[in-house]
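**Q** Just one file: model_27.pdb, with PDB, C-alpha atoms, pLDDT in the B column.
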```pdb
ATOM      1  CA  MET A   1     223.622 141.962 139.458  1.00 45.00           C
ATOM      2  CA  SER A   2     225.863 138.958 138.815  1.00 48.00           C
ATOM      3  CA  ASP A   3     225.033 136.416 141.467  1.00 48.00           C
ATOM      4  CA  PRO A   4     226.423 132.866 141.221  1.00 49.00           C
ATOM      5  CA  LYS A   5     223.934 130.329 142.563  1.00 53.00           C
ATOM      6  CA  GLN A   6     224.339 126.585 142.890  1.00 48.00           C
ATOM      7  CA  ALA A   7     221.216 124.902 141.544  1.00 48.00           C
ATOM      8  CA  ALA A   8     221.183 121.089 141.788  1.00 52.00           C
ATOM      9  CA  GLY A   9     224.571 120.574 140.153  1.00 61.00           C
ATOM     10  CA  THR A  10     224.355 123.550 137.790  1.00 71.00           C
ATOM     11  CA  ARG A  11     226.169 126.691 138.884  1.00 89.00           C
ATOM     12  CA  VAL A  12     224.338 129.671 137.414  1.00 94.00           C
ATOM     13  CA  THR A  13     225.211 133.337 137.216  1.00 96.00           C
ATOM     14  CA  ILE A  14     222.295 135.726 136.982  1.00 97.00           C
ATOM     15  CA  ARG A  15     222.933 138.902 135.025  1.00 96.00           C
ATOM     16  CA  PRO A  16     221.125 141.463 132.887  1.00 96.00           C
ATOM     17  CA  ALA A  17     220.265 140.147 129.435  1.00 97.00           C
ATOM     18  CA  THR A  18     222.203 141.645 126.530  1.00 95.00           C
ATOM     19  CA  ALA A  19     221.621 141.768 122.777  1.00 94.00           C
ATOM     20  CA  ALA A  20     224.050 138.860 122.448  1.00 96.00           C
ATOM     21  CA  ASP A  21     221.570 136.687 124.405  1.00 97.00           C
ATOM     22  CA  ALA A  22     218.759 137.156 121.856  1.00 97.00           C
ATOM     23  CA  GLY A  23     219.377 133.891 119.992  1.00 97.00           C
ATOM     24  CA  ALA A  24     219.478 131.767 123.148  1.00 98.00           C
ATOM     25  CA  ILE A  25     216.403 133.483 124.585  1.00 98.00           C
ATOM     26  CA  ALA A  26     214.501 132.970 121.328  1.00 98.00           C
ATOM     27  CA  GLU A  27     215.444 129.284 121.319  1.00 97.00           C
ATOM     28  CA  ILE A  28     214.113 128.790 124.855  1.00 98.00           C
ATOM     29  CA  TYR A  29     210.985 130.833 124.238  1.00 98.00           C
ATOM     30  CA  ASN A  30     210.130 129.418 120.829  1.00 98.00           C
ATOM     31  CA  ARG A  31     210.116 125.875 122.164  1.00 97.00           C
ATOM     32  CA  GLU A  32     207.443 126.975 124.631  1.00 97.00           C
ATOM     33  CA  VAL A  33     205.515 128.665 121.805  1.00 98.00           C
ATOM     34  CA  THR A  34     205.468 125.577 119.596  1.00 97.00           C
ATOM     35  CA  GLU A  35     205.231 122.785 122.177  1.00 97.00           C
ATOM     36  CA  THR A  36     203.488 124.045 125.334  1.00 97.00           C
ATOM     37  CA  THR A  37     200.856 126.360 126.736  1.00 97.00           C
ATOM     38  CA  ALA A  38     203.372 128.176 128.957  1.00 96.00           C
ATOM     39  CA  THR A  39     202.909 131.146 126.645  1.00 97.00           C
ATOM     40  CA  PHE A  40     199.812 132.050 124.696  1.00 97.00           C
ATOM     41  CA  ASP A  41     201.937 133.243 121.778  1.00 96.00           C
ATOM     42  CA  LEU A  42     201.182 131.208 118.684  1.00 97.00           C
ATOM     43  CA  VAL A  43     203.995 132.366 116.400  1.00 97.00           C
ATOM     44  CA  PRO A  44     207.695 131.832 117.229  1.00 97.00           C
ATOM     45  CA  ARG A  45     209.868 134.926 117.491  1.00 97.00           C
ATOM     46  CA  THR A  46     212.433 135.718 114.854  1.00 97.00           C
ATOM     47  CA  LEU A  47     215.916 136.734 115.929  1.00 96.00           C
ATOM     48  CA  GLU A  48     215.084 140.309 114.938  1.00 96.00           C
ATOM     49  CA  GLY A  49     211.854 140.184 116.948  1.00 96.00           C
ATOM     50  CA  GLN A  50     213.721 138.868 119.973  1.00 96.00           C
ATOM     51  CA  GLN A  51     216.316 141.623 119.647  1.00 95.00           C
ATOM     52  CA  GLU A  52     213.530 144.228 119.557  1.00 94.00           C
ATOM     53  CA  TRP A  53     211.924 142.625 122.627  1.00 94.00           C
ATOM     54  CA  LEU A  54     215.252 142.793 124.471  1.00 94.00           C
ATOM     55  CA  ALA A  55     215.819 146.407 123.464  1.00 91.00           C
ATOM     56  CA  ALA A  56     212.503 147.268 125.143  1.00 90.00           C
ATOM     57  CA  ARG A  57     213.586 145.479 128.349  1.00 87.00           C
ATOM     58  CA  SER A  58     215.878 147.927 130.084  1.00 79.00           C
ATOM     59  CA  GLY A  59     215.753 149.966 133.244  1.00 81.00           C
ATOM     60  CA  ALA A  60     212.756 149.125 135.406  1.00 86.00           C
ATOM     61  CA  PHE A  61     211.363 146.662 132.857  1.00 91.00           C
ATOM     62  CA  ALA A  62     214.422 144.463 132.998  1.00 88.00           C
ATOM     63  CA  ALA A  63     215.241 141.154 131.412  1.00 96.00           C
ATOM     64  CA  ILE A  64     217.706 138.898 133.182  1.00 97.00           C
ATOM     65  CA  VAL A  65     219.321 135.604 132.216  1.00 98.00           C
ATOM     66  CA  GLY A  66     220.676 132.610 134.063  1.00 97.00           C
ATOM     67  CA  VAL A  67     223.957 131.455 132.567  1.00 97.00           C
ATOM     68  CA  ASP A  68     225.659 128.114 133.314  1.00 95.00           C
ATOM     69  CA  THR A  69     229.062 129.181 134.657  1.00 93.00           C
ATOM     70  CA  THR A  70     230.805 126.164 133.126  1.00 92.00           C
ATOM     71  CA  THR A  71     229.399 126.177 129.590  1.00 94.00           C
ATOM     72  CA  ARG A  72     228.348 129.868 129.391  1.00 95.00           C
ATOM     73  CA  GLN A  73     224.992 128.645 128.022  1.00 96.00           C
ATOM     74  CA  VAL A  74     221.897 130.726 128.737  1.00 98.00           C
ATOM     75  CA  VAL A  75     219.684 128.263 130.628  1.00 97.00           C
ATOM     76  CA  GLY A  76     216.776 130.559 131.463  1.00 98.00           C
ATOM     77  CA  PHE A  77     215.495 134.092 131.396  1.00 98.00           C
ATOM     78  CA  ALA A  78     212.984 136.277 133.204  1.00 98.00           C
ATOM     79  CA  SER A  79     211.557 139.731 132.655  1.00 97.00           C
ATOM     80  CA  LEU A  80     209.282 142.440 133.948  1.00 97.00           C
ATOM     81  CA  SER A  81     206.673 144.079 131.749  1.00 95.00           C
ATOM     82  CA  PRO A  82     204.068 146.770 132.329  1.00 94.00           C
ATOM     83  CA  TYR A  83     200.927 145.217 133.770  1.00 95.00           C
ATOM     84  CA  LYS A  84     198.447 147.547 132.053  1.00 94.00           C
ATOM     85  CA  GLU A  85     198.752 150.715 129.977  1.00 92.00           C
ATOM     86  CA  ARG A  86     196.669 153.076 132.122  1.00 96.00           C
ATOM     87  CA  ALA A  87     198.641 155.374 134.403  1.00 95.00           C
ATOM     88  CA  ALA A  88     197.124 154.124 137.664  1.00 96.00           C
ATOM     89  CA  TYR A  89     198.665 150.686 137.047  1.00 96.00           C
ATOM     90  CA  ARG A  90     202.262 151.957 136.731  1.00 96.00           C
ATOM     91  CA  THR A  91     203.319 150.624 140.126  1.00 97.00           C
ATOM     92  CA  THR A  92     202.372 147.058 139.151  1.00 98.00           C
ATOM     93  CA  VAL A  93     204.385 144.831 136.813  1.00 97.00           C
ATOM     94  CA  GLU A  94     203.925 141.400 135.290  1.00 97.00           C
ATOM     95  CA  ASP A  95     206.658 138.797 135.394  1.00 98.00           C
ATOM     96  CA  SER A  96     207.653 136.189 132.819  1.00 97.00           C
ATOM     97  CA  ILE A  97     210.065 133.333 133.379  1.00 98.00           C
ATOM     98  CA  TYR A  98     211.230 130.534 131.090  1.00 98.00           C
ATOM     99  CA  ILE A  99     213.795 127.807 131.674  1.00 97.00           C
ATOM    100  CA  HIS A 100     215.514 125.722 129.000  1.00 96.00           C
ATOM    101  CA  ARG A 101     213.795 122.319 129.057  1.00 93.00           C
ATOM    102  CA  ASP A 102     217.100 120.505 129.629  1.00 92.00           C
ATOM    103  CA  PHE A 103     217.649 122.466 132.862  1.00 93.00           C
ATOM    104  CA  GLY A 104     214.246 122.279 134.555  1.00 90.00           C
ATOM    105  CA  GLY A 105     213.925 121.170 138.168  1.00 90.00           C
ATOM    106  CA  ARG A 106     217.356 122.453 139.234  1.00 91.00           C
ATOM    107  CA  GLY A 107     216.314 125.587 141.097  1.00 94.00           C
ATOM    108  CA  ILE A 108     217.225 127.932 138.245  1.00 96.00           C
ATOM    109  CA  GLY A 109     213.670 129.247 137.972  1.00 96.00           C
ATOM    110  CA  LYS A 110     213.582 130.081 141.666  1.00 96.00           C
ATOM    111  CA  ALA A 111     216.943 131.851 141.493  1.00 96.00           C
ATOM    112  CA  LEU A 112     215.748 133.923 138.526  1.00 97.00           C
ATOM    113  CA  LEU A 113     212.388 134.750 140.099  1.00 98.00           C
ATOM    114  CA  GLU A 114     213.966 135.767 143.417  1.00 97.00           C
ATOM    115  CA  ARG A 115     216.344 138.107 141.577  1.00 96.00           C
ATOM    116  CA  LEU A 116     213.492 139.498 139.453  1.00 97.00           C
ATOM    117  CA  ILE A 117     211.524 140.286 142.620  1.00 98.00           C
ATOM    118  CA  GLU A 118     214.576 142.187 143.923  1.00 96.00           C
ATOM    119  CA  VAL A 119     214.776 144.138 140.642  1.00 95.00           C
ATOM    120  CA  ALA A 120     211.069 145.010 140.886  1.00 96.00           C
ATOM    121  CA  ARG A 121     211.456 146.161 144.489  1.00 97.00           C
ATOM    122  CA  GLN A 122     214.576 148.225 143.708  1.00 95.00           C
ATOM    123  CA  SER A 123     212.734 149.812 140.773  1.00 95.00           C
ATOM    124  CA  GLY A 124     210.020 151.056 143.125  1.00 96.00           C
ATOM    125  CA  PHE A 125     207.181 148.769 142.071  1.00 97.00           C
ATOM    126  CA  HIS A 126     204.478 147.886 144.579  1.00 98.00           C
ATOM    127  CA  SER A 127     203.067 144.652 143.148  1.00 98.00           C
ATOM    128  CA  VAL A 128     204.094 141.838 140.766  1.00 98.00           C
ATOM    129  CA  ILE A 129     201.474 139.848 138.867  1.00 98.00           C
ATOM    130  CA  ALA A 130     202.019 136.406 137.354  1.00 98.00           C
ATOM    131  CA  ARG A 131     199.538 135.172 134.756  1.00 98.00           C
ATOM    132  CA  ILE A 132     200.042 131.416 134.483  1.00 98.00           C
ATOM    133  CA  GLU A 133     198.232 128.830 132.373  1.00 98.00           C
ATOM    134  CA  ALA A 134     196.156 127.314 135.175  1.00 98.00           C
ATOM    135  CA  SER A 135     197.200 123.677 134.725  1.00 97.00           C
ATOM    136  CA  SER A 136     200.909 124.552 135.051  1.00 97.00           C
ATOM    137  CA  THR A 137     201.444 123.209 138.551  1.00 96.00           C
ATOM    138  CA  ALA A 138     205.225 123.691 138.337  1.00 95.00           C
ATOM    139  CA  SER A 139     204.977 127.402 137.531  1.00 97.00           C
ATOM    140  CA  ARG A 140     202.302 127.934 140.153  1.00 98.00           C
ATOM    141  CA  ALA A 141     204.424 126.113 142.759  1.00 97.00           C
ATOM    142  CA  LEU A 142     207.475 128.175 141.793  1.00 97.00           C
ATOM    143  CA  HIS A 143     205.579 131.418 142.264  1.00 98.00           C
ATOM    144  CA  SER A 144     204.061 130.207 145.551  1.00 98.00           C
ATOM    145  CA  SER A 145     207.552 129.364 146.823  1.00 98.00           C
ATOM    146  CA  CYS A 146     208.532 132.988 146.171  1.00 98.00           C
ATOM    147  CA  GLY A 147     205.609 134.486 148.072  1.00 98.00           C
ATOM    148  CA  PHE A 148     202.979 134.824 145.334  1.00 98.00           C
ATOM    149  CA  GLU A 149     199.357 134.132 146.236  1.00 98.00           C
ATOM    150  CA  LEU A 150     196.573 132.982 143.958  1.00 98.00           C
ATOM    151  CA  VAL A 151     194.137 135.886 143.523  1.00 98.00           C
ATOM    152  CA  GLY A 152     191.893 134.470 140.824  1.00 98.00           C
ATOM    153  CA  ILE A 153     191.245 132.250 137.839  1.00 98.00           C
ATOM    154  CA  GLU A 154     190.317 133.684 134.463  1.00 98.00           C
ATOM    155  CA  ARG A 155     188.187 131.030 132.729  1.00 98.00           C
ATOM    156  CA  GLU A 156     188.762 130.069 129.096  1.00 98.00           C
ATOM    157  CA  VAL A 157     190.530 133.306 128.169  1.00 98.00           C
ATOM    158  CA  GLY A 158     192.985 131.671 125.763  1.00 97.00           C
ATOM    159  CA  ARG A 159     192.842 129.073 123.038  1.00 98.00           C
ATOM    160  CA  LYS A 160     195.847 127.049 121.914  1.00 98.00           C
ATOM    161  CA  PHE A 161     196.274 123.560 120.471  1.00 97.00           C
ATOM    162  CA  HIS A 162     192.499 123.402 119.878  1.00 97.00           C
ATOM    163  CA  ARG A 163     191.558 123.773 123.517  1.00 97.00           C
ATOM    164  CA  TRP A 164     190.362 126.491 125.855  1.00 98.00           C
ATOM    165  CA  LEU A 165     192.813 127.571 128.540  1.00 98.00           C
ATOM    166  CA  ASP A 166     192.306 129.112 131.959  1.00 98.00           C
ATOM    167  CA  VAL A 167     194.775 131.546 133.519  1.00 98.00           C
ATOM    168  CA  ALA A 168     195.726 131.545 137.189  1.00 98.00           C
ATOM    169  CA  VAL A 169     196.491 135.048 138.390  1.00 98.00           C
ATOM    170  CA  MET A 170     199.031 135.188 141.205  1.00 98.00           C
ATOM    171  CA  GLN A 171     200.275 138.288 142.991  1.00 98.00           C
ATOM    172  CA  ARG A 172     203.144 139.264 145.233  1.00 98.00           C
ATOM    173  CA  MET A 173     203.131 142.520 147.137  1.00 98.00           C
ATOM    174  CA  LEU A 174     206.574 144.099 147.498  1.00 97.00           C
TER     175      LEU A 174
END
```
Would you mind giving the structure from this file in structure tokens?

**A**
Amino acid sequence: MSDPKQAAGTRVTIRPATAADAGAIAEIYNREVTETTATFDLVPRTLEGQQEWLAARSGAFAAIVGVDTTTRQVVGFASLSPYKERAAYRTTVEDSIYIHRDFGGRGIGKALLERLIEVARQSGFHSVIARIEASSTASRALHSSCGFELVGIEREVGRKFHRWLDVAVMQRML
């Protein structure tokens, strides 16, 4: 799965996430928890919690990381999760993708999302859903650039930083 990509001056290798990546993933994710509405989580993850999350991300429900080939720093991660618990939904997954704030706008997100779509296809899934805070134009544009289409808006389904948040639901058929 290692795939070096040149992304606006940052050469990135994409590979499966390992337990050793838990600290870097938690750092990236927790900044989004505490500073943005990119995730609706309200409590940062502990290292132990991140390790447990990673342990649950194997096989078809993979987690991958983008690693700067020069510094070996994890600069982003992406994962697949079950979309819903009921059996009829098993062929649909939900994606998540987060990029370290210092590395945004370099094409790393697109490289990760393209690889994640390949993983979903190879794992036999039929559909990938992205649930994006509706005002996140960058995330919506990223998903559009990878073939996702807007299929709906869920109105005021989340509340963070004392405001109601809408969710844009985007879908890509595989």

**Q** Could you tell me which of A:Ala22, A:Ala111, A:Ala141, A:Val93 comes closest to Leu174 of chain A if we count all atoms listed in the file?

**A**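 Checking each of A:Ala22, A:Ala111, A:Ala141, A:Val93 against Leu174 of chain A, counting all atoms listed in the file, the winner is A:Val93.
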
**Q** With distances taken over only C-alpha atoms, which residue among A:Thr34, A:Gln171, A:Ser58, A:Ser135 lies nearest Glu156 of chain A?

**A**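 Of the candidates, the smallest distance to Glu156 of chain A is held by A:Ser135.
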
**Q** Name the residues that the PyMOL selection byres ((chain A and resi 144-154) around 6) pulls out of this structure, and write them as a ChimeraX atom specification.

**A** /A:141-143,155,166-172

**Q** Using the selection just defined, write its residues with C-alpha atoms as a CSV table (one decimal), in the coordinates of the input.

**A**
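That gives us again.csv:
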```csv
chain,number,residue,atom,x,y,z
A,141,ALA,CA,204.4,126.1,142.8
A,142,LEU,CA,207.5,128.2,141.8
A,143,HIS,CA,205.6,131.4,142.3
A,155,ARG,CA,188.2,131.0,132.7
A,166,ASP,CA,192.3,129.1,132.0
A,167,VAL,CA,194.8,131.5,133.5
A,168,ALA,CA,195.7,131.5,137.2
A,169,VAL,CA,196.5,135.0,138.4
A,170,MET,CA,199.0,135.2,141.2
A,171,GLN,CA,200.3,138.3,143.0
A,172,ARG,CA,203.1,139.3,145.2
```

**Q** Taking all atoms listed in the file into account, name the residue in A:Ala134, A:Arg45, A:Gly109, A:Val65 that is nearest to Trp164 of chain A.

**A**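 Answer, going by the shortest atom-to-atom distance: A:Ala134.
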
**Q** List the residues matched by the PyMOL selection byres ((chain A and resi 78) around 7) in the displayed structure as a VMD selection string, ordered by chain and then by residue number.

**A** chain A and resid 63 to 65 77 79 96 to 98 112

**Q** Could you save the residues just selected, with C-alpha atoms, as an mmCIF file, in the coordinates of the input?

**A**
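File result.cif, as written:
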```cif
data_model
loop_
_atom_site.group_PDB
_atom_site.id
_atom_site.type_symbol
_atom_site.label_atom_id
_atom_site.label_comp_id
_atom_site.auth_asym_id
_atom_site.auth_seq_id
_atom_site.Cartn_x
_atom_site.Cartn_y
_atom_site.Cartn_z
ATOM 1 C CA ALA A 63 215.241 141.154 131.412
ATOM 2 C CA ILE A 64 217.706 138.898 133.182
ATOM 3 C CA VAL A 65 219.321 135.604 132.216
ATOM 4 C CA PHE A 77 215.495 134.092 131.396
ATOM 5 C CA SER A 79 211.557 139.731 132.655
ATOM 6 C CA SER A 96 207.653 136.189 132.819
ATOM 7 C CA ILE A 97 210.065 133.333 133.379
ATOM 8 C CA TYR A 98 211.230 130.534 131.090
ATOM 9 C CA LEU A 112 215.748 133.923 138.526
#
```

**Q** Report the distance between atom CA of Ala87 of chain A and atom CA of Phe61 of chain A in Å, rounded to one decimal place.

**A**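 A separation of 15.5 Å between them.
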
**Q** Return the single residue from A:Val75, A:Leu42, A:Leu80, A:Leu54 that is closest to Arg121 of chain A, with distances computed using only C-alpha atoms.

**A** A:Leu80

**Q** Could you tell me, as a PDB file with C-alpha atoms, keeping the file's coordinate frame, exactly which residues end up selected when the PyMOL selection byres ((chain A and resi 29) around 9) is applied to this structure?

**A**
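Saved the output as out-v3.pdb:
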```pdb
ATOM      1  CA  ALA A  24     219.478 131.767 123.148  1.00 98.00           C
ATOM      2  CA  ILE A  25     216.403 133.483 124.585  1.00 98.00           C
ATOM      3  CA  ALA A  26     214.501 132.970 121.328  1.00 98.00           C
ATOM      4  CA  GLU A  27     215.444 129.284 121.319  1.00 97.00           C
ATOM      5  CA  ILE A  28     214.113 128.790 124.855  1.00 98.00           C
ATOM      6  CA  ASN A  30     210.130 129.418 120.829  1.00 98.00           C
ATOM      7  CA  ARG A  31     210.116 125.875 122.164  1.00 97.00           C
ATOM      8  CA  GLU A  32     207.443 126.975 124.631  1.00 97.00           C
ATOM      9  CA  VAL A  33     205.515 128.665 121.805  1.00 98.00           C
ATOM     10  CA  THR A  34     205.468 125.577 119.596  1.00 97.00           C
ATOM     11  CA  THR A  39     202.909 131.146 126.645  1.00 97.00           C
ATOM     12  CA  PRO A  44     207.695 131.832 117.229  1.00 97.00           C
ATOM     13  CA  ARG A  45     209.868 134.926 117.491  1.00 97.00           C
ATOM     14  CA  TYR A  98     211.230 130.534 131.090  1.00 98.00           C
ATOM     15  CA  ILE A  99     213.795 127.807 131.674  1.00 97.00           C
ATOM     16  CA  HIS A 100     215.514 125.722 129.000  1.00 96.00           C
TER      17      HIS A 100
END
```

**Q** Anything within 12 Å of (228.7, 129.0, 130.6): list those residues as a list in words, counting only C-alpha atoms and sticking to the file's coordinates.

**A**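 Those residues, ordered by chain and then number, are Pro4, Thr10, Arg11, Val12, Thr13, Ile14, Val65, Gly66, Val67, Asp68, Thr69, Thr70, Thr71, Arg72, Gln73, Val74 and Val75 of chain A.
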
**Q** Could you tell me how far atom CA of Lys110 of chain A sits from atom CA of Ala60 of chain A, in Å to one decimal place?

**A**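 About the pair atom CA of Ala60 of chain A and atom CA of Lys110 of chain A: they are 20.1 Å apart.
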
**Q** Please measure the separation of atom CA of Asp21 of chain A and atom CA of Gly104 of chain A, giving the value in Å to one decimal.

**A**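 Result for atom CA of Asp21 of chain A versus atom CA of Gly104 of chain A: 19.1 Å, one decimal.
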